[in-house]
file query30.pdb (PDB, C-alpha atoms, pLDDT in the B column)
ATOM      1  CA  PRO A   1      18.443  60.460   3.785  1.00 42.00           C
ATOM      2  CA  LEU A   2      16.031  62.254   6.060  1.00 45.00           C
ATOM      3  CA  GLY A   3      12.685  60.509   6.149  1.00 52.00           C
ATOM      4  CA  TRP A   4      13.799  57.713   3.801  1.00 53.00           C
ATOM      5  CA  PRO A   5      11.382  54.772   4.050  1.00 58.00           C
ATOM      6  CA  ASP A   6      13.997  52.016   4.687  1.00 63.00           C
ATOM      7  CA  ASP A   7      11.358  49.557   5.766  1.00 67.00           C
ATOM      8  CA  ASP A   8       9.254  49.919   2.617  1.00 68.00           C
ATOM      9  CA  PRO A   9      10.312  47.399  -0.060  1.00 69.00           C
ATOM     10  CA  ARG A  10       8.659  49.535  -2.763  1.00 66.00           C
ATOM     11  CA  PHE A  11      11.538  52.037  -2.536  1.00 69.00           C
ATOM     12  CA  VAL A  12      15.001  51.246  -3.843  1.00 67.00           C
ATOM     13  CA  PHE A  13      17.862  53.577  -2.935  1.00 68.00           C
ATOM     14  CA  LEU A  14      20.975  53.250  -5.079  1.00 68.00           C
ATOM     15  CA  PRO A  15      23.884  55.271  -3.725  1.00 67.00           C
ATOM     16  CA  TYR A  16      26.555  56.355  -6.153  1.00 67.00           C
ATOM     17  CA  ASP A  17      29.753  57.377  -4.395  1.00 71.00           C
ATOM     18  CA  GLN A  18      32.160  57.717  -7.307  1.00 70.00           C
ATOM     19  CA  ASP A  19      33.243  61.170  -8.408  1.00 67.00           C
ATOM     20  CA  THR A  20      33.008  61.344 -12.182  1.00 58.00           C
ATOM     21  CA  GLY A  21      35.451  64.250 -12.268  1.00 57.00           C
ATOM     22  CA  ARG A  22      33.199  66.085 -14.691  1.00 53.00           C
ATOM     23  CA  MET A  23      29.682  67.469 -14.887  1.00 53.00           C
ATOM     24  CA  ASP A  24      28.469  64.362 -16.648  1.00 56.00           C
ATOM     25  CA  LYS A  25      26.043  61.870 -15.128  1.00 61.00           C
ATOM     26  CA  THR A  26      26.703  59.157 -17.701  1.00 64.00           C
ATOM     27  CA  GLY A  27      28.590  56.880 -15.280  1.00 69.00           C
ATOM     28  CA  LYS A  28      25.914  57.313 -12.648  1.00 70.00           C
ATOM     29  CA  LEU A  29      23.142  56.495 -15.126  1.00 67.00           C
ATOM     30  CA  ILE A  30      24.913  53.431 -16.495  1.00 70.00           C
ATOM     31  CA  HIS A  31      25.456  52.186 -12.924  1.00 73.00           C
ATOM     32  CA  LEU A  32      21.806  52.828 -12.076  1.00 73.00           C
ATOM     33  CA  MET A  33      20.427  51.010 -15.094  1.00 69.00           C
ATOM     34  CA  GLN A  34      22.819  48.072 -14.745  1.00 73.00           C
ATOM     35  CA  THR A  35      21.914  47.670 -11.077  1.00 77.00           C
ATOM     36  CA  LEU A  36      18.181  48.369 -11.004  1.00 76.00           C
ATOM     37  CA  PRO A  37      16.963  45.331 -13.016  1.00 76.00           C
ATOM     38  CA  SER A  38      18.817  42.979 -10.640  1.00 77.00           C
ATOM     39  CA  LEU A  39      17.216  44.679  -7.625  1.00 77.00           C
ATOM     40  CA  MET A  40      13.745  44.535  -9.185  1.00 78.00           C
ATOM     41  CA  PRO A  41      13.640  41.248 -11.121  1.00 78.00           C
ATOM     42  CA  GLY A  42      10.141  40.496 -12.336  1.00 82.00           C
ATOM     43  CA  GLN A  43       8.822  43.837 -11.057  1.00 83.00           C
ATOM     44  CA  ASP A  44       7.665  47.128 -12.460  1.00 85.00           C
ATOM     45  CA  GLY A  45       7.512  50.649 -11.085  1.00 84.00           C
ATOM     46  CA  TYR A  46       8.414  54.269 -11.671  1.00 86.00           C
ATOM     47  CA  MET A  47      12.015  55.387 -11.816  1.00 83.00           C
ATOM     48  CA  HIS A  48      12.839  58.916 -10.761  1.00 82.00           C
ATOM     49  CA  ALA A  49      16.563  59.693 -10.830  1.00 77.00           C
ATOM     50  CA  LEU A  50      17.051  62.183  -7.999  1.00 78.00           C
ATOM     51  CA  ASP A  51      20.159  64.030  -6.928  1.00 76.00           C
ATOM     52  CA  GLY A  52      21.043  65.114  -3.403  1.00 77.00           C
ATOM     53  CA  ASP A  53      19.806  68.651  -4.126  1.00 84.00           C
ATOM     54  CA  ASP A  54      16.259  67.569  -5.080  1.00 87.00           C
ATOM     55  CA  VAL A  55      13.301  67.440  -2.712  1.00 89.00           C
ATOM     56  CA  MET A  56      10.029  65.891  -3.830  1.00 90.00           C
ATOM     57  CA  HIS A  57       6.604  66.780  -2.459  1.00 92.00           C
ATOM     58  CA  PRO A  58       5.525  64.284   0.240  1.00 89.00           C
ATOM     59  CA  ASP A  59       2.364  63.439  -1.746  1.00 91.00           C
ATOM     60  CA  LEU A  60       4.145  62.747  -5.056  1.00 92.00           C
ATOM     61  CA  VAL A  61       4.529  58.982  -4.605  1.00 88.00           C
ATOM     62  CA  ALA A  62       0.912  58.647  -3.434  1.00 89.00           C
ATOM     63  CA  HIS A  63      -0.254  60.573  -6.521  1.00 92.00           C
ATOM     64  CA  ILE A  64       1.749  58.375  -8.905  1.00 91.00           C
ATOM     65  CA  ARG A  65       0.607  55.160  -7.199  1.00 88.00           C
ATOM     66  CA  ARG A  66      -3.023  56.285  -7.266  1.00 91.00           C
ATOM     67  CA  ASP A  67      -2.900  57.393 -10.921  1.00 91.00           C
ATOM     68  CA  ASN A  68      -0.522  54.586 -12.020  1.00 87.00           C
ATOM     69  CA  TYR A  69      -1.104  54.567 -15.754  1.00 84.00           C
ATOM     70  CA  GLY A  70       2.232  52.999 -16.716  1.00 85.00           C
ATOM     71  CA  ARG A  71       3.974  55.741 -18.727  1.00 85.00           C
ATOM     72  CA  GLY A  72       5.537  58.673 -16.881  1.00 90.00           C
ATOM     73  CA  TYR A  73       5.127  62.001 -15.122  1.00 93.00           C
ATOM     74  CA  TRP A  74       6.865  65.360 -15.258  1.00 90.00           C
ATOM     75  CA  HIS A  75       6.999  68.343 -12.907  1.00 90.00           C
ATOM     76  CA  PRO A  76       5.661  71.482 -14.625  1.00 89.00           C
ATOM     77  CA  GLN A  77       5.466  73.277 -11.279  1.00 90.00           C
ATOM     78  CA  GLY A  78       7.951  73.415  -8.463  1.00 92.00           C
ATOM     79  CA  GLY A  79      10.425  75.754  -6.943  1.00 92.00           C
ATOM     80  CA  MET A  80      13.983  76.584  -6.093  1.00 92.00           C
ATOM     81  CA  ILE A  81      15.273  77.371  -2.624  1.00 92.00           C
ATOM     82  CA  ASP A  82      18.618  78.936  -1.769  1.00 92.00           C
ATOM     83  CA  ALA A  83      20.273  76.822   0.948  1.00 90.00           C
ATOM     84  CA  ALA A  84      22.245  79.855   2.157  1.00 89.00           C
ATOM     85  CA  THR A  85      19.393  82.363   2.446  1.00 93.00           C
ATOM     86  CA  ASN A  86      16.177  80.253   2.309  1.00 92.00           C
ATOM     87  CA  ALA A  87      14.939  82.529  -0.498  1.00 93.00           C
ATOM     88  CA  LEU A  88      12.298  80.789  -2.618  1.00 90.00           C
ATOM     89  CA  ALA A  89      11.607  81.095  -6.340  1.00 90.00           C
ATOM     90  CA  ARG A  90       8.585  79.701  -8.160  1.00 90.00           C
ATOM     91  CA  CYS A  91       9.068  77.515 -11.236  1.00 90.00           C
ATOM     92  CA  GLY A  92       6.172  76.939 -13.565  1.00 90.00           C
ATOM     93  CA  PRO A  93       4.334  78.259 -16.584  1.00 88.00           C
ATOM     94  CA  ARG A  94       4.437  81.937 -17.483  1.00 91.00           C
ATOM     95  CA  THR A  95       1.384  83.845 -16.377  1.00 90.00           C
ATOM     96  CA  LEU A  96       0.444  87.499 -16.048  1.00 94.00           C
ATOM     97  CA  ARG A  97       1.523  87.329 -12.408  1.00 91.00           C
ATOM     98  CA  TYR A  98       4.790  85.499 -13.256  1.00 89.00           C
ATOM     99  CA  PRO A  99       5.754  86.753 -16.737  1.00 91.00           C
ATOM    100  CA  THR A 100       9.388  85.575 -16.537  1.00 89.00           C
ATOM    101  CA  ALA A 101       8.709  82.156 -14.984  1.00 88.00           C
ATOM    102  CA  LYS A 102      10.418  79.070 -16.390  1.00 87.00           C
ATOM    103  CA  PRO A 103       9.310  75.447 -16.009  1.00 83.00           C
ATOM    104  CA  PHE A 104      10.908  73.387 -13.258  1.00 84.00           C
ATOM    105  CA  ARG A 105      12.663  71.198 -15.846  1.00 80.00           C
ATOM    106  CA  SER A 106      14.582  74.261 -17.080  1.00 80.00           C
ATOM    107  CA  HIS A 107      16.411  74.368 -13.761  1.00 78.00           C
ATOM    108  CA  CYS A 108      16.501  70.843 -12.387  1.00 78.00           C
ATOM    109  CA  GLY A 109      17.567  67.596 -14.042  1.00 74.00           C
ATOM    110  CA  SER A 110      15.183  65.529 -11.911  1.00 77.00           C
ATOM    111  CA  GLY A 111      12.113  66.759 -13.726  1.00 82.00           C
ATOM    112  CA  ALA A 112      10.409  63.482 -14.608  1.00 86.00           C
ATOM    113  CA  ALA A 113       9.632  59.949 -13.449  1.00 87.00           C
ATOM    114  CA  ILE A 114       9.285  57.157 -15.991  1.00 86.00           C
ATOM    115  CA  TYR A 115       7.684  53.751 -15.882  1.00 87.00           C
ATOM    116  CA  VAL A 116       9.936  50.681 -16.094  1.00 85.00           C
ATOM    117  CA  ASP A 117       8.816  47.064 -16.326  1.00 85.00           C
ATOM    118  CA  PHE A 118      11.493  44.446 -15.739  1.00 81.00           C
ATOM    119  CA  ARG A 119       8.939  41.630 -16.057  1.00 82.00           C
ATOM    120  CA  GLN A 120       9.128  41.762 -19.838  1.00 71.00           C
ATOM    121  CA  ASP A 121      12.499  42.486 -21.416  1.00 66.00           C
ATOM    122  CA  ASP A 122      15.613  44.658 -21.301  1.00 69.00           C
ATOM    123  CA  ARG A 123      14.189  47.472 -23.409  1.00 76.00           C
ATOM    124  CA  TYR A 124      13.172  49.380 -20.271  1.00 75.00           C
ATOM    125  CA  ALA A 125      16.745  49.538 -19.016  1.00 72.00           C
ATOM    126  CA  GLU A 126      17.858  50.903 -22.390  1.00 74.00           C
ATOM    127  CA  PHE A 127      14.945  53.365 -22.533  1.00 75.00           C
ATOM    128  CA  ALA A 128      15.597  54.662 -19.021  1.00 73.00           C
ATOM    129  CA  THR A 129      19.303  55.141 -19.724  1.00 71.00           C
ATOM    130  CA  ARG A 130      18.542  57.061 -22.919  1.00 73.00           C
ATOM    131  CA  PHE A 131      15.737  59.000 -21.236  1.00 73.00           C
ATOM    132  CA  TYR A 132      17.914  60.374 -18.452  1.00 68.00           C
ATOM    133  CA  HIS A 133      21.088  60.660 -20.527  1.00 68.00           C
ATOM    134  CA  SER A 134      19.341  62.955 -22.990  1.00 61.00           C
ATOM    135  CA  GLY A 135      19.200  65.769 -20.439  1.00 62.00           C
ATOM    136  CA  HIS A 136      16.306  67.406 -18.656  1.00 59.00           C
ATOM    137  CA  ARG A 137      15.547  69.766 -21.506  1.00 64.00           C
ATOM    138  CA  ASN A 138      15.011  66.747 -23.781  1.00 75.00           C
ATOM    139  CA  PHE A 139      12.687  64.607 -21.635  1.00 79.00           C
ATOM    140  CA  PHE A 140       9.762  65.055 -23.986  1.00 80.00           C
ATOM    141  CA  ALA A 141      11.732  64.278 -27.149  1.00 82.00           C
ATOM    142  CA  ALA A 142      13.251  61.154 -25.553  1.00 82.00           C
ATOM    143  CA  ALA A 143       9.849  60.001 -24.332  1.00 84.00           C
ATOM    144  CA  ARG A 144       8.224  60.624 -27.741  1.00 85.00           C
ATOM    145  CA  ALA A 145      11.030  58.717 -29.478  1.00 84.00           C
ATOM    146  CA  HIS A 146      10.121  55.695 -27.339  1.00 82.00           C
ATOM    147  CA  GLY A 147       6.355  56.115 -27.715  1.00 85.00           C
ATOM    148  CA  VAL A 148       5.895  57.267 -24.105  1.00 85.00           C
ATOM    149  CA  THR A 149       3.573  60.041 -22.947  1.00 87.00           C
ATOM    150  CA  LEU A 150       4.489  62.034 -19.847  1.00 90.00           C
ATOM    151  CA  ASP A 151       1.605  63.473 -17.835  1.00 93.00           C
ATOM    152  CA  PRO A 152       2.049  66.611 -15.737  1.00 93.00           C
ATOM    153  CA  VAL A 153       1.882  66.278 -11.962  1.00 94.00           C
ATOM    154  CA  PRO A 154      -1.072  68.577 -11.133  1.00 94.00           C
ATOM    155  CA  PHE A 155       0.514  70.322  -8.141  1.00 94.00           C
ATOM    156  CA  PRO A 156       3.875  71.964  -7.309  1.00 92.00           C
ATOM    157  CA  SER A 157       5.748  68.715  -6.800  1.00 92.00           C
ATOM    158  CA  ALA A 158       9.480  69.364  -6.554  1.00 91.00           C
ATOM    159  CA  LEU A 159      12.037  71.690  -5.037  1.00 91.00           C
ATOM    160  CA  TYR A 160      15.591  72.257  -6.259  1.00 90.00           C
ATOM    161  CA  VAL A 161      17.987  73.280  -3.490  1.00 91.00           C
ATOM    162  CA  MET A 162      20.568  75.812  -4.701  1.00 88.00           C
ATOM    163  CA  ASN A 163      23.902  76.832  -3.144  1.00 86.00           C
ATOM    164  CA  THR A 164      24.787  73.406  -1.827  1.00 80.00           C
ATOM    165  CA  GLY A 165      28.179  73.422  -3.507  1.00 71.00           C
ATOM    166  CA  GLU A 166      27.202  70.473  -5.690  1.00 60.00           C
ATOM    167  CA  ASN A 167      24.714  72.061  -8.085  1.00 53.00           C
ATOM    168  CA  MET A 168      25.495  71.821 -11.798  1.00 54.00           C
ATOM    169  CA  ARG A 169      24.298  75.416 -12.275  1.00 52.00           C
ATOM    170  CA  GLN A 170      26.752  76.498  -9.597  1.00 51.00           C
ATOM    171  CA  LYS A 171      29.634  74.522 -11.137  1.00 54.00           C
ATOM    172  CA  ARG A 172      28.894  76.124 -14.514  1.00 55.00           C
ATOM    173  CA  GLY A 173      28.808  79.622 -12.984  1.00 58.00           C
ATOM    174  CA  LYS A 174      25.089  80.100 -13.729  1.00 57.00           C
ATOM    175  CA  LEU A 175      23.747  80.169 -10.186  1.00 52.00           C
ATOM    176  CA  SER A 176      22.149  83.600 -10.592  1.00 55.00           C
ATOM    177  CA  THR A 177      20.158  82.665 -13.734  1.00 50.00           C
TER     178      THR A 177
END

call {"tool": "encode", "arguments": {"input": "query30.pdb", "output": "structure tokens"}}
result
Amino acid sequence: PLGWPDDDPRFVFLPYDQDTGRMDKTGKLIHLMQTLPSLMPGQDGYMHALDGDDVMHPDLVAHIRRDNYGRGYWHPQGGMIDAATNALARCGPRTLRYPTAKPFRSHCGSGAAIYVDFRQDDRYAEFATRFYHSGHRNFFAAARAHGVTLDPVPFPSALYVMNTGENMRQKRGKLST
């Protein structure tokens, strides 16, 4: 990927080339969680399952590393960009200026990063699989069920690229909503 830090051992890129044949990420998540502990034995870090249509703010990793409190983060603010027209839409809390706004997690499944620690036991692999499998609208419930608090990233931190031909919203016929 563009700008991917291949020479930085703190980043692990796990490609997933299999077509699931459905709009379900279960196979991808199982592959990720079965592979990640072997790539990070005796290590900890933050896992953020990103799709090819997600762009993170260039300062996001620096913010998480600086804050580094060992639980998780979510993106309350972000945006959507149309790949065909470059039109931008703001995602975030409703305000007087943006009365119909919706949070970023309402549109994009890559709305949170969670802490994993493979130095201790396998419960982190199970937690991460359940966390991401529960769907982006259920991040908070999944985190609460595992005793994890997610803190908001304090700046617009993510962008969801629409009209790529691979978006779930597009496949479901909900691109205009």

call {"tool": "atom_distance", "arguments": {"input": "query30.pdb", "atom1": "CA of Asp151 (chain A)", "atom2": "CA of Gln77 (chain A)"}}
result
12.4 Å

call {"tool": "residues_around", "arguments": {"input": "query30.pdb", "residues": "Tyr69 (chain A)", "least_positions_apart": "2", "cutoff": "12 Å", "atoms": "all atoms listed in the file", "output": "ChimeraX atom specification"}}
result
/A:44-46,63-67,71-73,114-116,148-151

call {"tool": "closest_residue", "arguments": {"input": "query30.pdb", "among": "A:Met40, A:Met47, A:Leu159, A:Val55", "to": "Gly70 (chain A)", "atoms": "only C-alpha atoms"}}
result
A:Met47

call {"tool": "atom_distance", "arguments": {"input": "query30.pdb", "atom1": "CA of Gly109 (chain A)", "atom2": "CA of Glu126 (chain A)"}}
result
18.7 Å

call {"tool": "resolve_selection", "arguments": {"input": "query30.pdb", "expression": "the PyMOL selection byres ((chain A and resi 119) around 12)", "output": "list in words"}}
result
Pro37, Ser38, Met40, Pro41, Gly42, Gln43, Asp44, Gly45, Val116, Asp117, Phe118, Gln120, Asp121, Asp122, Arg123, Tyr124 and Ala125 of chain A

call {"tool": "resolve_selection", "arguments": {"input": "query30.pdb", "expression": "the PyMOL selection byres ((chain A and resi 139-141) around 12)", "output": "PyMOL selection string"}}
result
chain A and resi 72-75+105-106+108-114+127-138+142-152

call {"tool": "atom_distance", "arguments": {"input": "query30.pdb", "atom1": "CA of Arg90 (chain A)", "atom2": "CA of Met162 (chain A)"}}
result
13.1 Å

call {"tool": "resolve_selection", "arguments": {"input": "query30.pdb", "expression": "the PyMOL selection byres ((chain A and resi 53) around 10)", "output": "list in words"}}
result
Leu50, Asp51, Gly52, Asp54, Val55, Ile81, Ala83, Cys108, Ser110, Leu159, Tyr160, Val161, Met162, Asn163, Thr164, Gly165, Glu166 and Asn167 of chain A

call {"tool": "write_last_selection", "arguments": {"input": "query30.pdb", "atoms": "C-alpha atoms", "output": "PDB file, in the frame of the given file"}}
result
ATOM      1  CA  LEU A  50      17.051  62.183  -7.999  1.00 78.00           C
ATOM      2  CA  ASP A  51      20.159  64.030  -6.928  1.00 76.00           C
ATOM      3  CA  GLY A  52      21.043  65.114  -3.403  1.00 77.00           C
ATOM      4  CA  ASP A  54      16.259  67.569  -5.080  1.00 87.00           C
ATOM      5  CA  VAL A  55      13.301  67.440  -2.712  1.00 89.00           C
ATOM      6  CA  ILE A  81      15.273  77.371  -2.624  1.00 92.00           C
ATOM      7  CA  ALA A  83      20.273  76.822   0.948  1.00 90.00           C
ATOM      8  CA  CYS A 108      16.501  70.843 -12.387  1.00 78.00           C
ATOM      9  CA  SER A 110      15.183  65.529 -11.911  1.00 77.00           C
ATOM     10  CA  LEU A 159      12.037  71.690  -5.037  1.00 91.00           C
ATOM     11  CA  TYR A 160      15.591  72.257  -6.259  1.00 90.00           C
ATOM     12  CA  VAL A 161      17.987  73.280  -3.490  1.00 91.00           C
ATOM     13  CA  MET A 162      20.568  75.812  -4.701  1.00 88.00           C
ATOM     14  CA  ASN A 163      23.902  76.832  -3.144  1.00 86.00           C
ATOM     15  CA  THR A 164      24.787  73.406  -1.827  1.00 80.00           C
ATOM     16  CA  GLY A 165      28.179  73.422  -3.507  1.00 71.00           C
ATOM     17  CA  GLU A 166      27.202  70.473  -5.690  1.00 60.00           C
ATOM     18  CA  ASN A 167      24.714  72.061  -8.085  1.00 53.00           C
TER      19      ASN A 167
END

call {"tool": "closest_residue", "arguments": {"input": "query30.pdb", "among": "A:Gln18, A:Ser157, A:Thr85, A:Gln34", "to": "Val61 (chain A)", "atoms": "only C-alpha atoms"}}
result
A:Ser157

call {"tool": "closest_residue", "arguments": {"input": "query30.pdb", "among": "A:Leu88, A:Gly79, A:Leu32, A:Ala158", "to": "Met56 (chain A)", "atoms": "only C-alpha atoms"}}
result
A:Ala158

call {"tool": "closest_residue", "arguments": {"input": "query30.pdb", "among": "A:Ile30, A:Gly92, A:Ala62, A:Lys102", "to": "Pro76 (chain A)", "atoms": "all atoms listed in the file"}}
result
A:Gly92

call {"tool": "build_atoms", "arguments": {"input": "query30.pdb", "residues": "region 63-74 of chain A", "atoms": "all heavy atoms", "output": "PDB file, in the coordinates of the input"}}
result
ATOM      1  N   HIS A  63       0.425  60.173  -5.279  1.00 92.00           N
ATOM      2  CA  HIS A  63      -0.254  60.573  -6.521  1.00 92.00           C
ATOM      3  C   HIS A  63       0.073  59.600  -7.656  1.00 92.00           C
ATOM      4  O   HIS A  63      -0.827  59.137  -8.367  1.00 92.00           O
ATOM      5  CB  HIS A  63       0.139  61.995  -6.916  1.00 92.00           C
ATOM      6  CG  HIS A  63      -0.317  62.358  -8.289  1.00 92.00           C
ATOM      7  ND1 HIS A  63      -1.640  62.641  -8.585  1.00 92.00           N
ATOM      8  CD2 HIS A  63       0.363  62.432  -9.471  1.00 92.00           C
ATOM      9  CE1 HIS A  63      -1.747  62.885  -9.871  1.00 92.00           C
ATOM     10  NE2 HIS A  63      -0.549  62.769 -10.434  1.00 92.00           N
ATOM     11  N   ILE A  64       1.346  59.280  -7.821  1.00 91.00           N
ATOM     12  CA  ILE A  64       1.749  58.375  -8.905  1.00 91.00           C
ATOM     13  C   ILE A  64       1.150  56.987  -8.689  1.00 91.00           C
ATOM     14  O   ILE A  64       0.636  56.372  -9.621  1.00 91.00           O
ATOM     15  CB  ILE A  64       3.284  58.326  -9.031  1.00 91.00           C
ATOM     16  CG1 ILE A  64       3.808  59.676  -9.552  1.00 91.00           C
ATOM     17  CG2 ILE A  64       3.721  57.183  -9.942  1.00 91.00           C
ATOM     18  CD1 ILE A  64       5.321  59.798  -9.554  1.00 91.00           C
ATOM     19  N   ARG A  65       1.171  56.493  -7.468  1.00 88.00           N
ATOM     20  CA  ARG A  65       0.607  55.160  -7.199  1.00 88.00           C
ATOM     21  C   ARG A  65      -0.907  55.141  -7.437  1.00 88.00           C
ATOM     22  O   ARG A  65      -1.443  54.168  -7.949  1.00 88.00           O
ATOM     23  CB  ARG A  65       0.931  54.714  -5.777  1.00 88.00           C
ATOM     24  CG  ARG A  65       2.383  54.324  -5.602  1.00 88.00           C
ATOM     25  CD  ARG A  65       2.692  53.899  -4.183  1.00 88.00           C
ATOM     26  NE  ARG A  65       1.755  52.927  -3.646  1.00 88.00           N
ATOM     27  CZ  ARG A  65       1.813  51.608  -3.830  1.00 88.00           C
ATOM     28  NH1 ARG A  65       2.782  51.110  -4.550  1.00 88.00           N
ATOM     29  NH2 ARG A  65       0.930  50.813  -3.289  1.00 88.00           N
ATOM     30  N   ARG A  66      -1.563  56.209  -7.085  1.00 91.00           N
ATOM     31  CA  ARG A  66      -3.023  56.285  -7.266  1.00 91.00           C
ATOM     32  C   ARG A  66      -3.372  56.378  -8.760  1.00 91.00           C
ATOM     33  O   ARG A  66      -4.269  55.712  -9.240  1.00 91.00           O
ATOM     34  CB  ARG A  66      -3.548  57.494  -6.500  1.00 91.00           C
ATOM     35  CG  ARG A  66      -5.037  57.619  -6.421  1.00 91.00           C
ATOM     36  CD  ARG A  66      -5.494  58.758  -5.496  1.00 91.00           C
ATOM     37  NE  ARG A  66      -4.787  60.017  -5.687  1.00 91.00           N
ATOM     38  CZ  ARG A  66      -3.862  60.520  -4.843  1.00 91.00           C
ATOM     39  NH1 ARG A  66      -3.526  59.862  -3.751  1.00 91.00           N
ATOM     40  NH2 ARG A  66      -3.265  61.666  -5.093  1.00 91.00           N
ATOM     41  N   ASP A  67      -2.643  57.196  -9.493  1.00 91.00           N
ATOM     42  CA  ASP A  67      -2.900  57.393 -10.921  1.00 91.00           C
ATOM     43  C   ASP A  67      -2.403  56.185 -11.721  1.00 91.00           C
ATOM     44  O   ASP A  67      -3.106  55.659 -12.565  1.00 91.00           O
ATOM     45  CB  ASP A  67      -2.209  58.679 -11.379  1.00 91.00           C
ATOM     46  CG  ASP A  67      -2.680  59.144 -12.729  1.00 91.00           C
ATOM     47  OD1 ASP A  67      -3.899  59.195 -12.950  1.00 91.00           O
ATOM     48  OD2 ASP A  67      -1.817  59.472 -13.562  1.00 91.00           O
ATOM     49  N   ASN A  68      -1.167  55.799 -11.506  1.00 87.00           N
ATOM     50  CA  ASN A  68      -0.522  54.586 -12.020  1.00 87.00           C
ATOM     51  C   ASN A  68      -0.976  54.139 -13.402  1.00 87.00           C
ATOM     52  O   ASN A  68      -1.548  53.081 -13.574  1.00 87.00           O
ATOM     53  CB  ASN A  68      -0.714  53.445 -11.028  1.00 87.00           C
ATOM     54  CG  ASN A  68       0.146  52.247 -11.365  1.00 87.00           C
ATOM     55  OD1 ASN A  68       1.151  52.375 -12.058  1.00 87.00           O
ATOM     56  ND2 ASN A  68      -0.222  51.102 -10.878  1.00 87.00           N
ATOM     57  N   TYR A  69      -0.665  54.929 -14.410  1.00 84.00           N
ATOM     58  CA  TYR A  69      -1.104  54.567 -15.754  1.00 84.00           C
ATOM     59  C   TYR A  69       0.003  53.948 -16.607  1.00 84.00           C
ATOM     60  O   TYR A  69      -0.194  53.665 -17.773  1.00 84.00           O
ATOM     61  CB  TYR A  69      -1.730  55.775 -16.455  1.00 84.00           C
ATOM     62  CG  TYR A  69      -0.731  56.831 -16.857  1.00 84.00           C
ATOM     63  CD1 TYR A  69      -0.225  56.871 -18.140  1.00 84.00           C
ATOM     64  CD2 TYR A  69      -0.274  57.755 -15.932  1.00 84.00           C
ATOM     65  CE1 TYR A  69       0.705  57.812 -18.510  1.00 84.00           C
ATOM     66  CE2 TYR A  69       0.648  58.702 -16.298  1.00 84.00           C
ATOM     67  CZ  TYR A  69       1.134  58.728 -17.576  1.00 84.00           C
ATOM     68  OH  TYR A  69       2.062  59.657 -17.932  1.00 84.00           O
ATOM     69  N   GLY A  70       1.191  53.757 -16.031  1.00 85.00           N
ATOM     70  CA  GLY A  70       2.232  52.999 -16.716  1.00 85.00           C
ATOM     71  C   GLY A  70       2.985  53.712 -17.821  1.00 85.00           C
ATOM     72  O   GLY A  70       3.432  53.063 -18.759  1.00 85.00           O
ATOM     73  N   ARG A  71       3.167  55.031 -17.737  1.00 85.00           N
ATOM     74  CA  ARG A  71       3.974  55.741 -18.727  1.00 85.00           C
ATOM     75  C   ARG A  71       4.995  56.624 -18.015  1.00 85.00           C
ATOM     76  O   ARG A  71       6.130  56.243 -17.889  1.00 85.00           O
ATOM     77  CB  ARG A  71       3.084  56.544 -19.675  1.00 85.00           C
ATOM     78  CG  ARG A  71       2.253  55.668 -20.597  1.00 85.00           C
ATOM     79  CD  ARG A  71       1.535  56.452 -21.672  1.00 85.00           C
ATOM     80  NE  ARG A  71       0.654  57.462 -21.159  1.00 85.00           N
ATOM     81  CZ  ARG A  71      -0.663  57.354 -21.024  1.00 85.00           C
ATOM     82  NH1 ARG A  71      -1.251  56.232 -21.357  1.00 85.00           N
ATOM     83  NH2 ARG A  71      -1.395  58.341 -20.593  1.00 85.00           N
ATOM     84  N   GLY A  72       4.599  57.799 -17.572  1.00 90.00           N
ATOM     85  CA  GLY A  72       5.537  58.673 -16.881  1.00 90.00           C
ATOM     86  C   GLY A  72       4.902  59.988 -16.473  1.00 90.00           C
ATOM     87  O   GLY A  72       3.792  60.312 -16.898  1.00 90.00           O
ATOM     88  N   TYR A  73       5.621  60.729 -15.659  1.00 93.00           N
ATOM     89  CA  TYR A  73       5.127  62.001 -15.122  1.00 93.00           C
ATOM     90  C   TYR A  73       6.254  63.034 -15.174  1.00 93.00           C
ATOM     91  O   TYR A  73       7.426  62.686 -15.069  1.00 93.00           O
ATOM     92  CB  TYR A  73       4.698  61.825 -13.659  1.00 93.00           C
ATOM     93  CG  TYR A  73       3.576  60.838 -13.499  1.00 93.00           C
ATOM     94  CD1 TYR A  73       3.835  59.485 -13.322  1.00 93.00           C
ATOM     95  CD2 TYR A  73       2.258  61.249 -13.547  1.00 93.00           C
ATOM     96  CE1 TYR A  73       2.808  58.569 -13.193  1.00 93.00           C
ATOM     97  CE2 TYR A  73       1.220  60.338 -13.422  1.00 93.00           C
ATOM     98  CZ  TYR A  73       1.508  58.997 -13.247  1.00 93.00           C
ATOM     99  OH  TYR A  73       0.483  58.098 -13.131  1.00 93.00           O
ATOM    100  N   TRP A  74       5.876  64.288 -15.303  1.00 90.00           N
ATOM    101  CA  TRP A  74       6.865  65.360 -15.258  1.00 90.00           C
ATOM    102  C   TRP A  74       6.361  66.456 -14.328  1.00 90.00           C
ATOM    103  O   TRP A  74       5.179  66.525 -14.004  1.00 90.00           O
ATOM    104  CB  TRP A  74       7.179  65.891 -16.651  1.00 90.00           C
ATOM    105  CG  TRP A  74       6.079  66.635 -17.343  1.00 90.00           C
ATOM    106  CD1 TRP A  74       4.951  66.111 -17.915  1.00 90.00           C
ATOM    107  CD2 TRP A  74       5.996  68.041 -17.562  1.00 90.00           C
ATOM    108  NE1 TRP A  74       4.177  67.093 -18.471  1.00 90.00           N
ATOM    109  CE2 TRP A  74       4.797  68.300 -18.267  1.00 90.00           C
ATOM    110  CE3 TRP A  74       6.813  69.116 -17.248  1.00 90.00           C
ATOM    111  CZ2 TRP A  74       4.403  69.579 -18.641  1.00 90.00           C
ATOM    112  CZ3 TRP A  74       6.424  70.389 -17.627  1.00 90.00           C
ATOM    113  CH2 TRP A  74       5.240  70.608 -18.315  1.00 90.00           C
TER     114      TRP A  74
END
